[in-house]
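Undergrad: Structure below; questions to follow.
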Amino acid sequence: MTAEQGTAGAICLQVGEKVLYKQSVVPAPACSDFSFPSDDFPIPSIAHGHNILLFVPTANQFKRKAIQSKIEARLGPNQQSHLIIHQQNIDSGVGNQPYDENGARGAYTRIRNALSWLHENIQMLEEKKIGTVVVGAIENYIQRPLDCGPAVDYGVVVLYNATARTTAGAVSRGVTVPKEFLEEAEAEGFDDETDGRKSGKVTVGEVLERTFGIDKADWQKVVCGISRYVLLQEALDSFEVEL
């Protein structure tokens with residue numbers, strides 16, 4: 001048992017009869033194939049210059065900064081002036097709380113919808129002298145157990161070079177999810193109620209925030225001592241991206 005896992009089961013917070021127990025950090029699941037599900041999406045074949053457009057399809061500033069830092073490190077100081085950032089919130093199509101395979105599906109849907117938006121605003125590429133388009137997406141999701149084990153919150157990170165049609169990605173280490181509060185989130189309903197129940201309307205983080213007053217966006221830091229953002233940064237640092 002690691003030091004991170006050693007506190008699992010101890011009381012973390014208590015409000016009235018509601019008790020939040022410490023949770024464990026678990027290894028990332030084995031996942032090696034991050035190839036984009038389809039290559040039939042229209043990508044401009046004409047290079048308008050030498051600049052690189054990084055499209056980050058979320059309003060989350062941490063995700064933008066983390067993905068931007070990843071690309072800047074890959075470029076090096078001499079090429080960073082060619083990097084142009086476009087951040088815009090794009091629908092993931094998988095609800096507020098993705099479950100199981102909807103984690104990866106949400107990341108790919110954000111990428112696909114970002115490319116669709118870009119196709120409708122193609123003049124941006126010429127105006128900004130873009131030669132390469134990269135879209136980066138990060139999606140946290142809960143993997144529900146197939147047996148009696150715990151559910152686990154993971155983050156999937158995908159960077160898609162739409163010009164070269166190459167994909168790179170990783171899944172973060174996970175944090176076990178308190179069963180009581182997972183069930184409470186599920187009880188709030190699903191956007192796909194009759195078709196899989198993989199797209200939850202309410203996140204586990206929202207349940208924990210209203211019950212214990214902790215940050216819904218980073219409840220992982222409270223229950224296991226490691227920020228969700230640290231885990232996502234680890235995943236980003238674990239692979240290379242083609243530019």
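The chains in the structure tokens are called A, B, ... from first to last as shown; in each chain the residues are counted from 1, and the ligands are counted from 1 in the order shown.
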Any chance you could list, as a VMD selection string, the residues in region 6-237 of chain A that come up alpha helix (DSSP H) when DSSP is run on the backbone?

TA: chain A and resid 61 to 75 102 to 120 123 to 127 179 to 187 204 to 212 219 to 224 228 to 237

Undergrad: Selection from above, C-alpha atoms, as a short mmCIF file (atom, residue, chain, number, x, y, z; two decimals), in the first residue's frame, can you write it?

TA:
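So again14.cif came out as:
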data_model
loop_
_atom_site.label_atom_id
_atom_site.label_comp_id
_atom_site.auth_asym_id
_atom_site.auth_seq_id
_atom_site.Cartn_x
_atom_site.Cartn_y
_atom_site.Cartn_z
CA GLN A 61 -8.50 28.20 -17.81
CA PHE A 62 -6.40 25.47 -16.22
CA LYS A 63 -6.97 23.17 -19.18
CA ARG A 64 -6.02 25.94 -21.60
CA LYS A 65 -2.84 26.80 -19.70
CA ALA A 66 -1.83 23.15 -19.31
CA ILE A 67 -2.32 22.32 -22.99
CA GLN A 68 -0.68 25.57 -24.07
CA SER A 69 2.37 24.84 -21.87
CA LYS A 70 2.61 21.37 -23.40
CA ILE A 71 2.68 22.76 -26.93
CA GLU A 72 5.07 25.59 -26.03
CA ALA A 73 7.51 23.12 -24.50
CA ARG A 74 7.36 21.03 -27.66
CA LEU A 75 8.01 24.06 -29.86
CA ASN A 102 -18.16 8.66 -22.50
CA GLY A 103 -14.96 10.14 -21.09
CA ALA A 104 -13.01 9.52 -24.29
CA ARG A 105 -16.14 10.11 -26.36
CA GLY A 106 -16.55 13.55 -24.79
CA ALA A 107 -12.96 14.52 -25.55
CA TYR A 108 -13.28 13.41 -29.18
CA THR A 109 -16.65 15.11 -29.55
CA ARG A 110 -15.19 18.40 -28.34
CA ILE A 111 -12.41 18.01 -30.91
CA ARG A 112 -14.82 17.15 -33.72
CA ASN A 113 -17.16 20.04 -32.84
CA ALA A 114 -14.20 22.41 -32.64
CA LEU A 115 -13.14 21.37 -36.14
CA SER A 116 -16.71 21.83 -37.34
CA TRP A 117 -16.72 25.37 -35.93
CA LEU A 118 -13.36 26.04 -37.57
CA HIS A 119 -14.64 24.74 -40.91
CA GLU A 120 -17.47 27.27 -40.71
CA GLN A 123 -11.23 32.61 -42.93
CA MET A 124 -9.49 32.57 -39.55
CA LEU A 125 -6.77 30.32 -40.94
CA GLU A 126 -5.91 32.75 -43.72
CA GLU A 127 -6.18 35.83 -41.52
CA LYS A 179 -20.15 5.15 -3.40
CA GLU A 180 -22.81 7.07 -1.47
CA PHE A 181 -22.17 10.29 -3.37
CA LEU A 182 -21.82 8.55 -6.72
CA GLU A 183 -25.28 7.07 -6.19
CA GLU A 184 -26.61 10.50 -5.23
CA ALA A 185 -25.24 11.99 -8.45
CA GLU A 186 -26.72 9.16 -10.52
CA ALA A 187 -30.09 9.68 -8.82
CA VAL A 204 -20.07 13.95 -8.13
CA GLY A 205 -18.18 17.18 -7.45
CA GLU A 206 -21.45 19.12 -7.35
CA VAL A 207 -22.87 16.65 -4.83
CA LEU A 208 -19.78 16.96 -2.63
CA GLU A 209 -19.79 20.76 -2.87
CA ARG A 210 -23.40 21.13 -1.74
CA THR A 211 -22.93 18.56 1.03
CA PHE A 212 -19.52 19.54 2.41
CA TRP A 219 -12.79 17.58 -4.87
CA GLN A 220 -9.97 15.11 -5.52
CA LYS A 221 -7.52 17.30 -3.61
CA VAL A 222 -9.64 17.10 -0.47
CA VAL A 223 -10.34 13.36 -0.53
CA CYS A 224 -6.87 12.09 -1.50
CA ARG A 228 -7.05 16.83 -10.02
CA TYR A 229 -4.91 19.35 -11.88
CA VAL A 230 -1.69 17.67 -10.75
CA LEU A 231 -3.00 14.33 -12.02
CA LEU A 232 -3.97 15.86 -15.36
CA GLN A 233 -0.59 17.56 -15.69
CA GLU A 234 1.11 14.21 -15.09
CA ALA A 235 -0.91 12.71 -17.92
CA LEU A 236 0.01 15.59 -20.24
CA ASP A 237 3.68 15.18 -19.40
#

Undergrad: Quick one: which region 116-156 of chain A residues come within 10 Å of region 13-33 of chain A, and what is the nearest atom pair for each with the distance in Å to one decimal, counting only C-alpha atoms, rows ordered by chain and ascending number, as JSON lines?

TA:
{"residue": "A:Pro150", "atom": "CA", "partner": "A:Ser24", "partner_atom": "CA", "distance": 9.9}
{"residue": "A:Val152", "atom": "CA", "partner": "A:Val26", "partner_atom": "CA", "distance": 8.2}
{"residue": "A:Asp153", "atom": "CA", "partner": "A:Val25", "partner_atom": "CA", "distance": 9.5}
{"residue": "A:Tyr154", "atom": "CA", "partner": "A:Ala28", "partner_atom": "CA", "distance": 7.7}
{"residue": "A:Gly155", "atom": "CA", "partner": "A:Ala28", "partner_atom": "CA", "distance": 9.2}
{"residue": "A:Val156", "atom": "CA", "partner": "A:Ala28", "partner_atom": "CA", "distance": 9.9}

Undergrad: What are the DSSP strand (DSSP E) residues of region 160-202 of chain A, as number ranges by chain?

TA: A: 160-161, 166-171, 174-176, 199-200

Undergrad: In Å, with one decimal, what is the gap from CA of Gln87 (chain A) to CA of Val56 (chain A)?

TA: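 Between CA of Gln87 (chain A) and CA of Val56 (chain A) the gap is 4.8 Å.
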
Undergrad: Ranking A:Leu243, A:Ile11, A:Val157, A:Val94 by minimum distance to Leu53 (chain A) and counting only C-alpha atoms, which one comes first?

TA: A:Leu243

Undergrad: Do you have the CA of Ile142 (chain A)-CA of Tyr99 (chain A) distance handy?

TA: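 About the pair CA of Ile142 (chain A) and CA of Tyr99 (chain A): they are 4.8 Å apart.
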
Undergrad: What does the distance from CA of Glu193 (chain A) to CA of Tyr141 (chain A) come to in Å, to one decimal?

TA: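 Separating CA of Glu193 (chain A) from CA of Tyr141 (chain A) is a distance of 17.3 Å.
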
Undergrad: Within 8 Å of Asn96 (chain A), counting only C-alpha atoms, which residues qualify if same-chain residues fewer than 5 places away don't, as a count of residues only?

TA: 5
